[in-house]
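**Q** Structure provided below as structure tokens; questions to follow.
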Amino acid sequence: MDFYPDEYIVGVSGKLSAVEQGVYWMICSLIYSRGEAIDNDHVWLSKLFGDTHWRTVRAAIIGLAEKGKISIL
């Protein structure tokens with residue numbers, strides 16, 4: 001995976017909230033780490049964030065999908 005900070009900044013600045021950016025970055029990192037898609041499990045994902053409720057993560061996932069940043073299978 002190639003990471004280009006300028007492209008990331010342009011792709012999310014003014015488009016994603018801080019929570020959405022954190023969830024997005026974690027999702028991308030997990031996909032890269034595993035080499036495959038991850039389960040759409042907002043409870044599991046919320047446990048990776050020390051202080052973020054699963055409802056907040058679920059809302060961020062929905063927002064990311066609506067904005068075309070992720071695909072939910």
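Each chain in the structure tokens gets a letter, A, B, ..., in the order shown, and its residues are numbered from 1; ligands are numbered from 1 in order too.
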Among chain A, which residues carry a DSSP assignment of alpha helix (DSSP H), reported as a ChimeraX atom specification?
**A** /A:5-12,18-34,42-47,54-66
**Q** Find the spatial neighbours of Leu45 in chain A, counting only C-alpha atoms, within a cut-off of 12 Å - ignore same-chain residues fewer than 5 positions away - and output them as a VMD selection string.
**A** chain A and resid 22 to 27 29 to 30 38 to 40 50 to 58 60 to 61
**Q** Calculated over only C-alpha atoms, which of the candidates A:Tyr8, A:Gly35, A:Glu66, A:Ser71 has the smallest distance to Gln21 in chain A?
**A** A:Tyr8
**Q** One decimal, Å: what's the distance from CA of Lys47 in chain A over to CA of Asp6 in chain A, could you say?
**A**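 Separating CA of Lys47 in chain A from CA of Asp6 in chain A is a distance of 29.3 Å.
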**Q** Would you work out the distance separating CA of Val43 in chain A from CA of Gly14 in chain A, expressed in Å to one decimal?
**A**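 Here the two named atoms are 26.7 Å from each other.
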**Q** Calculated over only C-alpha atoms, which of the candidates A:Ile31, A:Leu48, A:Ala59, A:Leu64 has the smallest distance to Leu16 in chain A?
**A**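 Selected residue with least distance to Leu16 in chain A: A:Leu64.
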**Q** Would you work out the distance separating CA of Gly11 in chain A from CA of Glu36 in chain A, expressed in Å to one decimal?
**A**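 Here the two named atoms are 22.1 Å from each other.
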